[in-house]
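Undergrad: Okay, handing you the structure first.
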Amino acid sequence: MSRILEAEPGSTMLLMGNEAIVRGALEARLSVATTYPGTPASEIGDTFAKVAEQAGIYFEYSTNEKVATEVAIGAAASGLRAMVSMKHVGVNVASDPLMTFAYTGTRGGFVLVTADDPSCHSSQNEQDNRFYALFGGFPLFEPASPQECYDMVKKAFEVSEELGQPVILRTTTRVAHVRGPVTVGEISVGPKKKEFVKEPARFVTVPAVARARHLVLLEQLSKAEQMADESEFNTVIRIGDGGRQGIVTSSAAANYTIDAAKGMGLHVDVLKLGFSNPVPSKKLLDFLRTHDIVVIVEELEPVLEMQVRSLAQREGLGTKVFGKMDGYMPRAYEFDQAIVTRGLARAFSSDQKETTRCELPQDLPTRPPVLCAGCPHSATYYAVNKATNKKALFASDIGCYTLGVAPPYSTADLLVCMGSSVGTAGGLAKVNDLPVIAFIGDSTFFHSGIPGLVNAVHQGHRFLVMILDNRTTAMTGHQPHPGSARDPCNPGAISVSIEGVVKGCGVKWLKVVDPYDTSATTEAVKEALTQDSVSVIIARRECALIAKRDEKGAIVKKHYIDQEACKKCRTCVTKFQCPAISSIDKLQTIDEALCAGCGVCAQVCPYKAIKEAP
Amino acid sequence: MVDVYLVGVGGQGIITASKIVGDAATLAGKKVLLSETHGMAQRGGSVVCTARIGDVRSPLIPDHGADVVLSFELLETLRALCKASKNTVVISSTERIVPLSVSTQKLRYPTMEDVEGKVMRTAKAFMQIDAPRVAADSGVPMSSNVVMVGALAGTGITGLDRAHFESAMKMNIRRDLAENIIAFSEGYRLASPQP
């Protein structure tokens, strides 16, 4: 059941921005799609995974964003249309091939989708990837709605092929994860094969080629600027009677701006940019000349504002420009209608009733995400704390297991990005006396943990790497990875052995444990920390959500707390964390419906009061 | 313009509920925008969805701007009150899912009197639905979310026909559709204005 393929040409249906991107690509002669999952981009890959075979395109979940980009480059350089999608920080990983791919250019249309995350709803930073478009020289599209996602993907492929340059389509959480009406056309995918015609003077970037290609890139960018100036996605929307006041905006900020301007009863022209790099200079200058005050409304960095100010200065225009460089709009976090209303009211000196932000009562118990009932990571962290008595430094990584940062475990002391735990642990171990443990998930290990491990072996760093192997990429929705036994997109996929990789890196001490066996795990951690080189423990147990789904809830040993044996020591909630166990008014209980039957709590209880249900 | 603010806990089927509302509106030929904040939501965190039916571009509902707060969990009902005003109808499931912070930080889970008092002071009306019981009675204990959608439909505030909701359910529910329709109907009946 996929509404993406079912939708009849000309029909309107409710699609998520990410789904609209897939439908648009399938109508734009797409041949190859790749990704590494990451919120808020994951549904692009997940939708491709569901429909690729039926639609007749090639799709893969690649090992990381760099590899995903390179696979797509190989197809696009051959002349087929290719798309690679990722979250904003994924582009950092992919930036190396991207920066030089802009020099070689592409034969088939190439679209990189980056999903930015203002306010860090599910990310470690809120970097503004529009800078990559300026940095590398990529034409940039910024849709504001699911319909625009669909429309702009199609246009992005055309522009890419016409210029012979890779193009970026940038969404944000409030575009990628919004569902709205989308009117679709006819599906038309590209061919499966295309012979690569050799042209080393273009595609092999030795210095002589690179120097020549840089000039080609600059020439193509000036053509792209003309296209942006003529683009139907860069248009003026008149609010009220328009007039001498103007606003320049893009992406989700355009939605808040238009609703705010209408709500305030302003008479204003809104120049909404959808094809925003290179900036359409002619259109912008025309707008600046015909308006006395222009406010720039954009989320995160002043990317448009810097360029608008520089254009105004270059042409010696007296138009007043307001934005975030002068404090009228905030530079951090996502916008909403109220934030934009406040900024516009100040810039246009318009009288508005000051709306105060509603503050939640402080005494409401918080409900942050937690490790699930039966989560093997929970058992691992319990065992590690028992083995180290919390006297250790913990380098953490990106995955569900990052939740170990919270009490009762507190098993995260340093985290910067995907795969960083192994490298940072090397530095920590070099300059600290406390034992150092790096935690890394199986998918993250394949993504970018391996070079760190090779380095640790080679340099003789002394720390423990715990590979938390739950057999899946759990946090983003259980996508496969190179170690997975099954890959729904590729039935012949070969499962790469983590043990084999670890041994191949030259690790001398390796142990595989079942985290549900907390004493064996505790002993393994103690032994690993006595080694005089880098040691590795693979804590292997399938993600509890998958185990529950596959066993259909049949084979579990539900547990309960024998209240007569319970001494109210609260160890089950102070040393261990399980959503099924609650402790209210000195009474500890297990919610049988939530209990996953892992039995770890029974090992945690010092008084053997937690028992298998009859 | 009708704004529905849906809240609850990861795993309660809130996103599916919002999709039913969105598809029902689309089937009725109305413009609708849905948004969701989930990310790590399936790990038992708070979940927020919005459904805005009408001519609007921003997916987020302004503070005090919701016409309906549709809450799947009592504590989350209190957390949603920033979106409520004297024009808002609050429909809440009486289900309680005690968060770990109550156990670990010894915080107090609000009593029914707390919830009633705060909602009544803020909103126009407060409708309580024992969604888990209604769902169990209909034969599918997991259908609490559909009971709540039924209640939303029953109030008539969305301006959408029952038939549109039922067609939208067919688009979003893969198993036990007949039982889910029963759960929806009971929610609908409980929330319908008395004749």
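Lettering and numbering for the structure tokens are positional, with chains as A, B, ... in the shown order, residues counted from 1 in each chain, and ligands counted from 1 in the shown order.
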Based on only C-alpha atoms, which of the residues in chain B come within 7 Å of chain A? I want them as an NGL selection string.
TA: :B and (23 or 26 or 31-36 or 39-41 or 43-46 or 56-58 or 63 or 79 or 82 or 99-104 or 107-109)
Undergrad: Which parts of chain B does DSSP call strand (DSSP E) when run on the backbone here, written out as a ChimeraX atom specification?
TA: /B:2-9,32-37,46-53,68-71,89-93,125-129
Undergrad: For CA of Ala524 (chain A) and CA of Gln479 (chain A), quote the distance in Å rounded to one decimal.
TA: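 We find that CA of Ala524 (chain A) and CA of Gln479 (chain A) lie 29.3 Å from each other.
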Undergrad: Leaving out region 49-61 of chain A and any residue of its chain fewer than 3 positions from it, which residues lie within 9 Å of it when counting only C-alpha atoms, given as a ChimeraX atom specification?
TA: /A:1-2,4-5,26,30-37,44-46,64,68,187-192,479-482,487-490
Undergrad: Choose the residue, out of A:Glu527, A:Asp591, A:Asp151, A:Glu158, that has the smallest atom-to-atom separation from Val98 (chain B); count only C-alpha atoms.
TA: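 For Val98 (chain B), the nearest of the given residues is A:Asp591.
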Undergrad: What does the distance from CA of Thr522 (chain A) to CA of Gly404 (chain A) come to in Å, to one decimal?
TA: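 CA of Gly404 (chain A) lies at a distance of 16.7 Å from CA of Thr522 (chain A).
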Undergrad: Could you please write out, as a tab-separated table (two decimals) with all heavy atoms, in the first residue's frame, every residue of region 272-367 of chain A that DSSP assigns to helix (DSSP H, G or I)?
TA:
```tsv
chain	number	residue	atom	x	y	z
A	281	SER	N	19.81	38.44	-8.88
A	281	SER	CA	20.23	39.82	-8.61
A	281	SER	C	19.32	40.85	-9.26
A	281	SER	O	18.98	41.87	-8.65
A	281	SER	CB	21.65	40.05	-9.12
A	281	SER	OG	22.52	39.19	-8.48
A	282	LYS	N	18.92	40.58	-10.52
A	282	LYS	CA	18.08	41.57	-11.21
A	282	LYS	C	16.77	41.75	-10.47
A	282	LYS	O	16.31	42.87	-10.24
A	282	LYS	CB	17.82	41.11	-12.64
A	282	LYS	CG	19.03	41.25	-13.57
A	282	LYS	CD	18.56	41.37	-15.02
A	282	LYS	CE	19.76	41.40	-15.96
A	282	LYS	NZ	20.27	40.01	-16.23
A	283	LYS	N	16.15	40.62	-10.12
A	283	LYS	CA	14.86	40.68	-9.43
A	283	LYS	C	15.00	41.38	-8.08
A	283	LYS	O	14.16	42.19	-7.70
A	283	LYS	CB	14.34	39.25	-9.22
A	283	LYS	CG	12.94	39.06	-9.79
A	283	LYS	CD	12.51	37.60	-9.75
A	283	LYS	CE	11.77	37.26	-11.05
A	283	LYS	NZ	11.45	35.84	-11.17
A	284	LEU	N	16.08	41.06	-7.36
A	284	LEU	CA	16.29	41.67	-6.05
A	284	LEU	C	16.53	43.17	-6.18
A	284	LEU	O	15.97	43.96	-5.41
A	284	LEU	CB	17.47	41.00	-5.34
A	284	LEU	CG	17.15	39.67	-4.65
A	284	LEU	CD1	18.44	38.99	-4.19
A	284	LEU	CD2	16.23	39.89	-3.45
A	285	LEU	N	17.35	43.58	-7.15
A	285	LEU	CA	17.63	45.00	-7.31
A	285	LEU	C	16.37	45.76	-7.70
A	285	LEU	O	16.10	46.85	-7.20
A	285	LEU	CB	18.73	45.20	-8.38
A	285	LEU	CG	20.14	44.93	-7.85
A	285	LEU	CD1	21.14	44.91	-9.00
A	285	LEU	CD2	20.54	45.97	-6.81
A	286	ASP	N	15.59	45.15	-8.57
A	286	ASP	CA	14.32	45.76	-8.97
A	286	ASP	C	13.43	45.94	-7.75
A	286	ASP	O	12.81	47.00	-7.56
A	286	ASP	CB	13.66	44.83	-9.99
A	286	ASP	CG	12.50	45.52	-10.67
A	286	ASP	OD1	12.67	46.70	-11.03
A	286	ASP	OD2	11.44	44.88	-10.84
A	287	PHE	N	13.41	44.93	-6.90
A	287	PHE	CA	12.59	44.98	-5.68
A	287	PHE	C	13.10	46.06	-4.73
A	287	PHE	O	12.32	46.82	-4.14
A	287	PHE	CB	12.60	43.60	-5.00
A	287	PHE	CG	11.53	43.40	-3.97
A	287	PHE	CD1	10.21	43.17	-4.34
A	287	PHE	CD2	11.84	43.41	-2.61
A	287	PHE	CE1	9.21	42.97	-3.39
A	287	PHE	CE2	10.85	43.20	-1.65
A	287	PHE	CZ	9.54	42.98	-2.04
A	288	LEU	N	14.43	46.14	-4.60
A	288	LEU	CA	15.03	47.14	-3.70
A	288	LEU	C	14.74	48.56	-4.23
A	288	LEU	O	14.51	49.49	-3.44
A	288	LEU	CB	16.54	46.93	-3.59
A	288	LEU	CG	16.99	45.72	-2.77
A	288	LEU	CD1	18.48	45.46	-2.97
A	288	LEU	CD2	16.70	45.93	-1.28
A	289	ARG	N	14.75	48.72	-5.53
A	289	ARG	CA	14.54	50.05	-6.10
A	289	ARG	C	13.09	50.51	-5.96
A	289	ARG	O	12.82	51.70	-5.91
A	289	ARG	CB	14.92	50.04	-7.59
A	289	ARG	CG	16.43	49.98	-7.81
A	289	ARG	CD	16.82	50.41	-9.22
A	289	ARG	NE	18.27	50.38	-9.36
A	289	ARG	CZ	18.95	49.38	-9.92
A	289	ARG	NH1	18.32	48.35	-10.45
A	289	ARG	NH2	20.27	49.42	-9.96
A	303	VAL	N	21.76	34.40	5.27
A	303	VAL	CA	22.33	34.07	3.96
A	303	VAL	C	21.81	35.03	2.88
A	303	VAL	O	22.59	35.60	2.12
A	303	VAL	CB	21.99	32.61	3.59
A	303	VAL	CG1	22.49	32.28	2.18
A	303	VAL	CG2	22.61	31.65	4.61
A	304	LEU	N	20.49	35.23	2.85
A	304	LEU	CA	19.93	36.17	1.87
A	304	LEU	C	20.28	37.60	2.26
A	304	LEU	O	20.60	38.43	1.41
A	304	LEU	CB	18.40	36.02	1.80
A	304	LEU	CG	17.86	34.71	1.22
A	304	LEU	CD1	16.34	34.63	1.36
A	304	LEU	CD2	18.25	34.59	-0.26
A	305	GLU	N	20.21	37.86	3.56
A	305	GLU	CA	20.42	39.24	4.03
A	305	GLU	C	21.81	39.75	3.63
A	305	GLU	O	21.94	40.88	3.14
A	305	GLU	CB	20.26	39.28	5.56
A	305	GLU	CG	20.33	40.69	6.12
A	305	GLU	CD	20.18	40.70	7.64
A	305	GLU	OE1	19.81	39.66	8.22
A	305	GLU	OE2	20.44	41.76	8.23
A	306	MET	N	22.83	38.94	3.81
A	306	MET	CA	24.19	39.38	3.46
A	306	MET	C	24.25	39.73	1.98
A	306	MET	O	24.89	40.71	1.59
A	306	MET	CB	25.20	38.27	3.76
A	306	MET	CG	25.44	38.06	5.25
A	306	MET	SD	26.85	36.99	5.58
A	306	MET	CE	26.31	35.45	4.92
A	307	GLN	N	23.58	38.93	1.17
A	307	GLN	CA	23.64	39.15	-0.28
A	307	GLN	C	22.81	40.36	-0.68
A	307	GLN	O	23.20	41.13	-1.57
A	307	GLN	CB	23.20	37.89	-1.01
A	307	GLN	CG	24.14	36.72	-0.68
A	307	GLN	CD	23.80	35.47	-1.46
A	307	GLN	OE1	24.24	35.32	-2.60
A	307	GLN	NE2	23.01	34.59	-0.87
A	308	VAL	N	21.65	40.55	-0.04
A	308	VAL	CA	20.81	41.70	-0.34
A	308	VAL	C	21.53	42.99	0.06
A	308	VAL	O	21.58	43.97	-0.69
A	308	VAL	CB	19.44	41.59	0.37
A	308	VAL	CG1	18.68	42.91	0.29
A	308	VAL	CG2	18.61	40.48	-0.24
A	309	ARG	N	22.13	42.99	1.25
A	309	ARG	CA	22.86	44.19	1.70
A	309	ARG	C	24.02	44.49	0.75
A	309	ARG	O	24.30	45.65	0.45
A	309	ARG	CB	23.39	43.98	3.12
A	309	ARG	CG	22.32	44.05	4.20
A	309	ARG	CD	22.93	43.92	5.59
A	309	ARG	NE	21.90	43.81	6.63
A	309	ARG	CZ	21.22	44.84	7.12
A	309	ARG	NH1	21.46	46.06	6.68
A	309	ARG	NH2	20.31	44.65	8.05
A	310	SER	N	24.69	43.43	0.30
A	310	SER	CA	25.84	43.66	-0.56
A	310	SER	C	25.39	44.19	-1.93
A	310	SER	O	26.04	45.07	-2.50
A	310	SER	CB	26.67	42.38	-0.64
A	310	SER	OG	26.88	41.98	-1.94
A	311	LEU	N	24.25	43.71	-2.43
A	311	LEU	CA	23.71	44.23	-3.69
A	311	LEU	C	23.35	45.71	-3.55
A	311	LEU	O	23.66	46.53	-4.42
A	311	LEU	CB	22.45	43.46	-4.09
A	311	LEU	CG	22.62	42.13	-4.82
A	311	LEU	CD1	21.26	41.45	-4.97
A	311	LEU	CD2	23.25	42.36	-6.19
A	312	ALA	N	22.69	46.04	-2.43
A	312	ALA	CA	22.26	47.43	-2.20
A	312	ALA	C	23.47	48.36	-2.13
A	312	ALA	O	23.47	49.45	-2.70
A	312	ALA	CB	21.44	47.52	-0.92
A	313	GLN	N	24.53	47.88	-1.47
A	313	GLN	CA	25.74	48.68	-1.34
A	313	GLN	C	26.41	48.85	-2.71
A	313	GLN	O	26.81	49.94	-3.09
A	313	GLN	CB	26.68	47.99	-0.33
A	313	GLN	CG	27.89	48.81	0.08
A	313	GLN	CD	29.06	48.64	-0.86
A	313	GLN	OE1	29.13	47.69	-1.63
A	313	GLN	NE2	29.99	49.59	-0.82
A	314	ARG	N	26.45	47.74	-3.46
A	314	ARG	CA	27.12	47.76	-4.77
A	314	ARG	C	26.46	48.77	-5.70
A	314	ARG	O	27.12	49.48	-6.45
A	314	ARG	CB	27.04	46.35	-5.38
A	314	ARG	CG	27.95	46.12	-6.57
A	314	ARG	CD	27.75	44.73	-7.14
A	314	ARG	NE	26.60	44.69	-8.05
A	314	ARG	CZ	26.04	43.58	-8.50
A	314	ARG	NH1	26.49	42.40	-8.10
A	314	ARG	NH2	25.03	43.61	-9.34
A	337	GLN	N	4.73	32.11	13.43
A	337	GLN	CA	4.03	33.33	13.02
A	337	GLN	C	4.24	34.46	14.03
A	337	GLN	O	4.40	35.62	13.66
A	337	GLN	CB	2.54	33.02	12.86
A	337	GLN	CG	1.78	34.11	12.14
A	337	GLN	CD	0.32	33.75	11.93
A	337	GLN	OE1	-0.01	32.59	11.72
A	337	GLN	NE2	-0.55	34.75	11.99
A	338	ALA	N	4.27	34.11	15.33
A	338	ALA	CA	4.41	35.15	16.37
A	338	ALA	C	5.78	35.82	16.30
A	338	ALA	O	5.88	37.05	16.43
A	338	ALA	CB	4.18	34.52	17.75
A	339	ILE	N	6.83	35.05	16.09
A	339	ILE	CA	8.18	35.62	16.00
A	339	ILE	C	8.27	36.57	14.81
A	339	ILE	O	8.80	37.68	14.91
A	339	ILE	CB	9.23	34.48	15.87
A	339	ILE	CG1	9.31	33.70	17.19
A	339	ILE	CG2	10.60	35.03	15.48
A	339	ILE	CD1	10.13	32.43	17.09
A	340	VAL	N	7.73	36.13	13.67
A	340	VAL	CA	7.80	36.96	12.47
A	340	VAL	C	6.95	38.23	12.66
A	340	VAL	O	7.36	39.32	12.28
A	340	VAL	CB	7.36	36.16	11.23
A	340	VAL	CG1	7.29	37.05	10.00
A	340	VAL	CG2	8.32	34.99	10.99
A	341	THR	N	5.79	38.08	13.30
A	341	THR	CA	4.92	39.24	13.56
A	341	THR	C	5.67	40.28	14.39
A	341	THR	O	5.65	41.48	14.08
A	341	THR	CB	3.65	38.79	14.31
A	341	THR	OG1	2.93	37.88	13.49
A	341	THR	CG2	2.74	39.98	14.63
A	342	ARG	N	6.37	39.83	15.43
A	342	ARG	CA	7.12	40.76	16.28
A	342	ARG	C	8.17	41.52	15.48
A	342	ARG	O	8.28	42.74	15.57
A	342	ARG	CB	7.80	39.99	17.42
A	342	ARG	CG	7.12	40.21	18.77
A	342	ARG	CD	7.98	39.74	19.94
A	342	ARG	NE	8.47	38.37	19.81
A	342	ARG	CZ	7.76	37.29	20.12
A	342	ARG	NH1	6.53	37.40	20.57
A	342	ARG	NH2	8.27	36.09	20.00
A	343	GLY	N	8.93	40.78	14.66
A	343	GLY	CA	10.00	41.40	13.88
A	343	GLY	C	9.45	42.39	12.86
A	343	GLY	O	9.99	43.50	12.70
A	344	LEU	N	8.38	42.00	12.17
A	344	LEU	CA	7.80	42.87	11.15
A	344	LEU	C	7.23	44.13	11.79
A	344	LEU	O	7.34	45.23	11.25
A	344	LEU	CB	6.71	42.14	10.36
A	344	LEU	CG	7.16	40.99	9.45
A	344	LEU	CD1	5.97	40.38	8.73
A	344	LEU	CD2	8.19	41.47	8.43
A	345	ALA	N	6.60	43.97	12.96
A	345	ALA	CA	5.99	45.12	13.63
A	345	ALA	C	7.05	46.16	13.96
A	345	ALA	O	6.86	47.37	13.78
A	345	ALA	CB	5.26	44.67	14.90
A	346	ARG	N	8.21	45.70	14.42
A	346	ARG	CA	9.30	46.64	14.75
A	346	ARG	C	9.84	47.30	13.49
A	346	ARG	O	10.02	48.51	13.43
A	346	ARG	CB	10.43	45.90	15.47
A	346	ARG	CG	10.20	45.71	16.95
A	346	ARG	CD	11.41	45.04	17.58
A	346	ARG	NE	12.62	45.84	17.45
A	346	ARG	CZ	13.86	45.35	17.42
A	346	ARG	NH1	14.05	44.06	17.50
A	346	ARG	NH2	14.90	46.15	17.30
A	347	ALA	N	10.09	46.49	12.46
A	347	ALA	CA	10.71	47.03	11.25
A	347	ALA	C	9.79	48.02	10.55
A	347	ALA	O	10.24	49.05	10.05
A	347	ALA	CB	11.08	45.89	10.31
```
